[in-house]
Every structure is written in structure tokens, then in C-alpha cells.
>>> print(open('final-v9.pdb').read())   # PDB, C-alpha atoms
ATOM      1  CA  GLN A   1     -15.850  73.042 -36.768  1.00  0.00           C
ATOM      2  CA  VAL A   2     -16.827  71.941 -33.290  1.00  0.00           C
ATOM      3  CA  GLN A   3     -19.982  69.869 -33.335  1.00  0.00           C
ATOM      4  CA  LEU A   4     -22.028  67.302 -31.435  1.00  0.00           C
ATOM      5  CA  VAL A   5     -23.405  64.159 -33.096  1.00  0.00           C
ATOM      6  CA  GLU A   6     -26.095  62.067 -31.452  1.00  0.00           C
ATOM      7  CA  SER A   7     -26.637  58.356 -32.119  1.00  0.00           C
ATOM      8  CA  GLY A   8     -28.230  55.258 -30.654  1.00  0.00           C
ATOM      9  CA  GLY A   9     -31.904  55.955 -31.174  1.00  0.00           C
ATOM     10  CA  GLY A  10     -34.355  53.485 -32.620  1.00  0.00           C
ATOM     11  CA  LEU A  11     -37.564  51.583 -32.112  1.00  0.00           C
ATOM     12  CA  VAL A  12     -37.979  49.835 -28.771  1.00  0.00           C
ATOM     13  CA  GLN A  13     -40.902  48.200 -26.990  1.00  0.00           C
ATOM     14  CA  PRO A  14     -42.312  49.642 -23.769  1.00  0.00           C
ATOM     15  CA  GLY A  15     -40.183  48.514 -20.860  1.00  0.00           C
ATOM     16  CA  GLY A  16     -37.102  48.226 -23.033  1.00  0.00           C
ATOM     17  CA  SER A  17     -33.771  50.025 -22.909  1.00  0.00           C
ATOM     18  CA  LEU A  18     -31.577  52.130 -25.172  1.00  0.00           C
ATOM     19  CA  ARG A  19     -28.272  53.900 -24.753  1.00  0.00           C
ATOM     20  CA  LEU A  20     -27.765  57.155 -26.581  1.00  0.00           C
ATOM     21  CA  SER A  21     -24.332  58.555 -27.372  1.00  0.00           C
ATOM     22  CA  CYS A  22     -23.236  62.108 -28.082  1.00  0.00           C
ATOM     23  CA  ALA A  23     -19.843  62.402 -29.730  1.00  0.00           C
ATOM     24  CA  ALA A  24     -18.090  65.751 -29.600  1.00  0.00           C
ATOM     25  CA  SER A  25     -15.688  66.666 -32.380  1.00  0.00           C
ATOM     26  CA  GLY A  26     -13.392  68.492 -30.003  1.00  0.00           C
ATOM     27  CA  SER A  27     -12.211  68.291 -26.411  1.00  0.00           C
ATOM     28  CA  ILE A  28     -13.647  71.699 -25.593  1.00  0.00           C
ATOM     29  CA  PHE A  29     -16.807  70.119 -24.258  1.00  0.00           C
ATOM     30  CA  ARG A  30     -15.033  68.608 -21.278  1.00  0.00           C
ATOM     31  CA  TYR A  31     -15.017  72.112 -19.826  1.00  0.00           C
ATOM     32  CA  TYR A  32     -18.793  72.429 -20.024  1.00  0.00           C
ATOM     33  CA  TYR A  33     -21.781  71.049 -18.247  1.00  0.00           C
ATOM     34  CA  MET A  34     -23.467  68.766 -20.794  1.00  0.00           C
ATOM     35  CA  ALA A  35     -27.099  67.810 -21.160  1.00  0.00           C
ATOM     36  CA  TRP A  36     -29.637  65.793 -23.074  1.00  0.00           C
ATOM     37  CA  TYR A  37     -32.829  67.403 -24.320  1.00  0.00           C
ATOM     38  CA  ARG A  38     -35.833  66.010 -26.149  1.00  0.00           C
ATOM     39  CA  GLN A  39     -38.570  67.338 -28.375  1.00  0.00           C
ATOM     40  CA  THR A  40     -41.832  66.042 -29.775  1.00  0.00           C
ATOM     41  CA  PRO A  41     -43.722  67.657 -32.669  1.00  0.00           C
ATOM     42  CA  GLY A  42     -45.392  70.904 -31.695  1.00  0.00           C
ATOM     43  CA  LYS A  43     -43.735  71.081 -28.318  1.00  0.00           C
ATOM     44  CA  THR A  44     -40.716  72.790 -26.834  1.00  0.00           C
ATOM     45  CA  ARG A  45     -37.299  71.192 -26.549  1.00  0.00           C
ATOM     46  CA  ASP A  46     -37.047  70.218 -22.893  1.00  0.00           C
ATOM     47  CA  LEU A  47     -34.196  69.283 -20.602  1.00  0.00           C
ATOM     48  CA  VAL A  48     -33.995  65.571 -19.823  1.00  0.00           C
ATOM     49  CA  ALA A  49     -30.743  65.326 -17.859  1.00  0.00           C
ATOM     50  CA  ARG A  50     -27.665  67.393 -17.119  1.00  0.00           C
ATOM     51  CA  ILE A  51     -24.183  66.437 -15.931  1.00  0.00           C
ATOM     52  CA  SER A  52     -21.490  68.661 -14.475  1.00  0.00           C
ATOM     53  CA  THR A  53     -17.908  68.933 -15.595  1.00  0.00           C
ATOM     54  CA  GLY A  54     -16.130  65.916 -14.163  1.00  0.00           C
ATOM     55  CA  GLY A  55     -19.444  64.095 -13.814  1.00  0.00           C
ATOM     56  CA  ASP A  56     -19.939  64.405 -10.064  1.00  0.00           C
ATOM     57  CA  SER A  57     -23.310  66.133 -10.242  1.00  0.00           C
ATOM     58  CA  THR A  58     -26.398  65.207 -12.240  1.00  0.00           C
ATOM     59  CA  ILE A  59     -29.993  66.396 -12.448  1.00  0.00           C
ATOM     60  CA  TYR A  60     -32.982  64.817 -14.157  1.00  0.00           C
ATOM     61  CA  ALA A  61     -36.428  65.811 -15.264  1.00  0.00           C
ATOM     62  CA  ASP A  62     -39.017  64.402 -12.878  1.00  0.00           C
ATOM     63  CA  SER A  63     -40.479  62.279 -15.651  1.00  0.00           C
ATOM     64  CA  VAL A  64     -37.252  60.283 -16.117  1.00  0.00           C
ATOM     65  CA  LYS A  65     -35.852  60.104 -12.588  1.00  0.00           C
ATOM     66  CA  GLY A  66     -34.930  56.582 -11.619  1.00  0.00           C
ATOM     67  CA  ARG A  67     -35.108  55.372 -15.234  1.00  0.00           C
ATOM     68  CA  PHE A  68     -32.476  57.401 -17.113  1.00  0.00           C
ATOM     69  CA  THR A  69     -28.791  57.877 -16.312  1.00  0.00           C
ATOM     70  CA  ILE A  70     -26.514  60.478 -17.854  1.00  0.00           C
ATOM     71  CA  SER A  71     -22.763  59.934 -17.890  1.00  0.00           C
ATOM     72  CA  ARG A  72     -19.694  61.276 -19.638  1.00  0.00           C
ATOM     73  CA  ASP A  73     -16.336  59.985 -20.789  1.00  0.00           C
ATOM     74  CA  ASP A  74     -14.133  63.002 -21.366  1.00  0.00           C
ATOM     75  CA  ALA A  75     -11.274  60.851 -22.661  1.00  0.00           C
ATOM     76  CA  ARG A  76     -13.601  59.825 -25.505  1.00  0.00           C
ATOM     77  CA  ASN A  77     -15.311  63.226 -25.780  1.00  0.00           C
ATOM     78  CA  THR A  78     -18.634  61.425 -25.398  1.00  0.00           C
ATOM     79  CA  VAL A  79     -21.768  61.869 -23.306  1.00  0.00           C
ATOM     80  CA  TYR A  80     -24.221  59.013 -22.794  1.00  0.00           C
ATOM     81  CA  LEU A  81     -27.842  58.628 -21.821  1.00  0.00           C
ATOM     82  CA  GLN A  82     -28.847  55.198 -20.571  1.00  0.00           C
ATOM     83  CA  MET A  83     -32.616  54.863 -20.815  1.00  0.00           C
ATOM     84  CA  ASN A  84     -34.379  52.012 -19.037  1.00  0.00           C
ATOM     85  CA  SER A  85     -38.040  51.126 -18.490  1.00  0.00           C
ATOM     86  CA  LEU A  86     -38.957  53.158 -21.540  1.00  0.00           C
ATOM     87  CA  ARG A  87     -42.523  54.384 -21.941  1.00  0.00           C
ATOM     88  CA  SER A  88     -44.495  55.550 -24.935  1.00  0.00           C
ATOM     89  CA  GLU A  89     -44.272  59.108 -23.631  1.00  0.00           C
ATOM     90  CA  ASP A  90     -40.481  58.954 -23.978  1.00  0.00           C
ATOM     91  CA  THR A  91     -40.910  58.935 -27.749  1.00  0.00           C
ATOM     92  CA  ALA A  92     -39.091  62.019 -29.056  1.00  0.00           C
ATOM     93  CA  VAL A  93     -36.051  63.302 -30.881  1.00  0.00           C
ATOM     94  CA  TYR A  94     -33.187  63.451 -28.397  1.00  0.00           C
ATOM     95  CA  TYR A  95     -30.449  66.072 -28.629  1.00  0.00           C
ATOM     96  CA  CYS A  96     -27.323  66.797 -26.678  1.00  0.00           C
ATOM     97  CA  ASN A  97     -25.848  70.233 -26.053  1.00  0.00           C
ATOM     98  CA  ILE A  98     -23.996  72.121 -23.417  1.00  0.00           C
ATOM     99  CA  TYR A  99     -25.936  73.382 -20.406  1.00  0.00           C
ATOM    100  CA  PRO A 100     -27.411  75.879 -20.761  1.00  0.00           C
ATOM    101  CA  PRO A 101     -27.729  75.151 -24.473  1.00  0.00           C
ATOM    102  CA  ALA A 102     -26.022  77.135 -27.213  1.00  0.00           C
ATOM    103  CA  MET A 103     -27.654  77.560 -30.593  1.00  0.00           C
ATOM    104  CA  GLU A 104     -24.495  76.753 -32.530  1.00  0.00           C
ATOM    105  CA  TYR A 105     -24.187  73.273 -31.001  1.00  0.00           C
ATOM    106  CA  TRP A 106     -27.609  71.822 -31.815  1.00  0.00           C
ATOM    107  CA  GLY A 107     -27.197  68.726 -33.960  1.00  0.00           C
ATOM    108  CA  LYS A 108     -29.715  66.656 -35.875  1.00  0.00           C
ATOM    109  CA  GLY A 109     -30.687  64.581 -32.873  1.00  0.00           C
ATOM    110  CA  THR A 110     -31.577  60.919 -32.720  1.00  0.00           C
ATOM    111  CA  LEU A 111     -35.131  59.593 -32.847  1.00  0.00           C
ATOM    112  CA  VAL A 112     -36.367  57.317 -30.085  1.00  0.00           C
ATOM    113  CA  THR A 113     -39.676  55.567 -30.683  1.00  0.00           C
ATOM    114  CA  VAL A 114     -41.236  53.528 -27.902  1.00  0.00           C
ATOM    115  CA  SER A 115     -44.023  51.391 -29.280  1.00  0.00           C
ATOM    116  CA  SER A 116     -45.280  47.838 -29.273  1.00  0.00           C
TER     117      SER A 116
END
>>> encode(input="final-v9.pdb", output="C-alpha cells")
Amino acid sequence: QVQLVESGGGLVQPGGSLRLSCAASGSIFRYYYMAWYRQTPGKTRDLVARISTGGDSTIYADSVKGRFTISRDDARNTVYLQMNSLRSEDTAVYYCNIYPPAMEYWGKGTLVTVSS
């Protein structure tokens, strides 16, 4: 079964950094745009960053521009999200999926908590 597994979350202080990873179980995802999304309790799951096939085009939510970087390594079937200068408002469960997202590919996500 093709699936996506997120990892790398944790507790970090404001101003700190984390790198999230999204491992795909199959190579099919290299043919898709990939994205990171995040969700906090009671709110919608929102797009954080998106990367094109091949990685030559990226877009970011305004709230993370200049702080987050999305990248992909198709040889490793992995998508990354480098998060710098983290803020308390970045606290959320982070998910990866194709773009636009498909229901069958939502994983469990990885929790990022930014707190002192």
C-alpha cells in the first residue's frame, strides 16, 4: 500500500529550528507536486508549502515565507520541510500529501510544539 509517513516533530523553543521528513513508500510520488500542511485543534488543515515535480518551483503560505523551506529528494522518495525561526503560532500537527491533497494519502502527521 502506498503511504506517506511524517517524522521529525518535537518540542522546540521559540526561535529554534526543526526539519520534518516525509517518507513515501513508493516512487509514485516523484510524479506529483508534494506539499506540507498543518492543523491545530478546531481549525482547518492549511497549506504550508508546496513543491513541484523536480523541485524547481515552490510556494509558501505568507505566514512562513522566509522561515520555512520545502525540498525533495526523489532518489530517497522523501520530502523535507526545514523550519527556522519558529514561533508559538507554528505549533500544529504537520502532514504531507500530494498537491492538491488526496484523502487516501493522509498520514498520522507529526506534532510540532513551539514553547519556552
>>> resolve_selection(input="final-v9.pdb", expression="the PyMOL selection byres ((chain A and resi 18-32) around 8)", output="VMD selection string")
chain A and resid 1 to 9 12 16 to 17 33 to 34 52 to 54 74 76 to 84 96 98 to 99
>>> atom_distance(input="final-v9.pdb", atom1="atom CA of Ser63 of chain A", atom2="atom CA of Asp90 of chain A")
9.0 Å
>>> axis_aligned_box(input="final-v9.pdb", around="segment 94-112 of chain A", padding_each_side="5 Å", output="JSON")
{"center_x": -30.2, "center_y": 67.4, "center_z": -28.1, "size_x": 22.4, "size_y": 30.2, "size_z": 25.5}
>>> atom_distance(input="final-v9.pdb", atom1="atom CA of Asp56 of chain A", atom2="atom CA of Thr91 of chain A")
28.0 Å
>>> atom_distance(input="final-v9.pdb", atom1="atom CA of Val48 of chain A", atom2="atom CA of Lys65 of chain A")
9.3 Å
>>> closest_residue(input="final-v9.pdb", among="A:Leu11, A:Asp62, A:Ala75, A:Ala92", to="Lys43 of chain A", atoms="only C-alpha atoms")
A:Ala92
>>> resolve_selection(input="final-v9.pdb", expression="the PyMOL selection byres ((chain A and resi 111) around 8)", output="list in words")
Gly9, Gly10, Thr91, Ala92, Val93, Tyr94, Gly109, Thr110, Val112 and Thr113 of chain A
>>> closest_residue(input="final-v9.pdb", among="A:Tyr60, A:Phe68, A:Trp36, A:Trp106", to="Arg87 of chain A", atoms="all atoms listed in the file")
A:Phe68
>>> resolve_selection(input="final-v9.pdb", expression="the PyMOL selection byres ((chain A and resi 47) around 9)", output="ChimeraX atom specification")
/A:35-38,45-46,48-50,60-61
>>> closest_residue(input="final-v9.pdb", among="A:Ser88, A:Ala102, A:Thr40, A:Asn97", to="Ser116 of chain A", atoms="all atoms listed in the file")
A:Ser88
>>> closest_residue(input="final-v9.pdb", among="A:Val64, A:Ile70, A:Ile51, A:Leu86", to="Gln13 of chain A", atoms="only C-alpha atoms")
A:Leu86
>>> closest_residue(input="final-v9.pdb", among="A:Val114, A:Gly15, A:Pro101, A:Asp73", to="Gly55 of chain A", atoms="all atoms listed in the file")
A:Asp73
>>> build_atoms(input="final-v9.pdb", residues="segment 53-65 of chain A", atoms="N, CA, C and O atoms", output="PDB file, keeping the file's coordinate frame")
ATOM      1  N   THR A  53     -19.261  69.247 -15.179  1.00  0.00           N
ATOM      2  CA  THR A  53     -17.908  68.933 -15.595  1.00  0.00           C
ATOM      3  C   THR A  53     -17.328  67.947 -14.581  1.00  0.00           C
ATOM      4  O   THR A  53     -17.579  68.077 -13.382  1.00  0.00           O
ATOM      5  N   GLY A  54     -16.641  66.943 -15.048  1.00  0.00           N
ATOM      6  CA  GLY A  54     -16.130  65.916 -14.163  1.00  0.00           C
ATOM      7  C   GLY A  54     -17.130  64.835 -13.821  1.00  0.00           C
ATOM      8  O   GLY A  54     -16.755  63.753 -13.353  1.00  0.00           O
ATOM      9  N   GLY A  55     -18.417  65.112 -13.985  1.00  0.00           N
ATOM     10  CA  GLY A  55     -19.444  64.095 -13.814  1.00  0.00           C
ATOM     11  C   GLY A  55     -19.918  63.832 -12.402  1.00  0.00           C
ATOM     12  O   GLY A  55     -20.633  62.860 -12.151  1.00  0.00           O
ATOM     13  N   ASP A  56     -19.584  64.699 -11.452  1.00  0.00           N
ATOM     14  CA  ASP A  56     -19.939  64.405 -10.064  1.00  0.00           C
ATOM     15  C   ASP A  56     -21.322  64.898  -9.673  1.00  0.00           C
ATOM     16  O   ASP A  56     -21.795  64.620  -8.560  1.00  0.00           O
ATOM     17  N   SER A  57     -21.982  65.622 -10.551  1.00  0.00           N
ATOM     18  CA  SER A  57     -23.310  66.133 -10.242  1.00  0.00           C
ATOM     19  C   SER A  57     -24.236  65.943 -11.436  1.00  0.00           C
ATOM     20  O   SER A  57     -23.874  66.266 -12.569  1.00  0.00           O
ATOM     21  N   THR A  58     -25.415  65.416 -11.170  1.00  0.00           N
ATOM     22  CA  THR A  58     -26.398  65.207 -12.240  1.00  0.00           C
ATOM     23  C   THR A  58     -27.774  65.675 -11.767  1.00  0.00           C
ATOM     24  O   THR A  58     -28.065  65.671 -10.570  1.00  0.00           O
ATOM     25  N   ILE A  59     -28.588  66.090 -12.729  1.00  0.00           N
ATOM     26  CA  ILE A  59     -29.993  66.396 -12.448  1.00  0.00           C
ATOM     27  C   ILE A  59     -30.835  65.774 -13.544  1.00  0.00           C
ATOM     28  O   ILE A  59     -30.351  65.561 -14.665  1.00  0.00           O
ATOM     29  N   TYR A  60     -32.081  65.471 -13.211  1.00  0.00           N
ATOM     30  CA  TYR A  60     -32.982  64.817 -14.157  1.00  0.00           C
ATOM     31  C   TYR A  60     -34.355  65.465 -14.109  1.00  0.00           C
ATOM     32  O   TYR A  60     -34.796  65.951 -13.053  1.00  0.00           O
ATOM     33  N   ALA A  61     -35.025  65.433 -15.245  1.00  0.00           N
ATOM     34  CA  ALA A  61     -36.428  65.811 -15.264  1.00  0.00           C
ATOM     35  C   ALA A  61     -37.199  64.811 -14.403  1.00  0.00           C
ATOM     36  O   ALA A  61     -36.851  63.622 -14.352  1.00  0.00           O
ATOM     37  N   ASP A  62     -38.246  65.282 -13.750  1.00  0.00           N
ATOM     38  CA  ASP A  62     -39.017  64.402 -12.878  1.00  0.00           C
ATOM     39  C   ASP A  62     -39.538  63.177 -13.624  1.00  0.00           C
ATOM     40  O   ASP A  62     -39.623  62.086 -13.065  1.00  0.00           O
ATOM     41  N   SER A  63     -39.870  63.357 -14.876  1.00  0.00           N
ATOM     42  CA  SER A  63     -40.479  62.279 -15.651  1.00  0.00           C
ATOM     43  C   SER A  63     -39.531  61.128 -15.945  1.00  0.00           C
ATOM     44  O   SER A  63     -39.977  60.041 -16.319  1.00  0.00           O
ATOM     45  N   VAL A  64     -38.214  61.340 -15.794  1.00  0.00           N
ATOM     46  CA  VAL A  64     -37.252  60.283 -16.117  1.00  0.00           C
ATOM     47  C   VAL A  64     -36.428  59.838 -14.922  1.00  0.00           C
ATOM     48  O   VAL A  64     -35.630  58.919 -15.035  1.00  0.00           O
ATOM     49  N   LYS A  65     -36.628  60.462 -13.778  1.00  0.00           N
ATOM     50  CA  LYS A  65     -35.852  60.104 -12.588  1.00  0.00           C
ATOM     51  C   LYS A  65     -36.021  58.633 -12.248  1.00  0.00           C
ATOM     52  O   LYS A  65     -37.135  58.107 -12.256  1.00  0.00           O
TER      53      LYS A  65
END
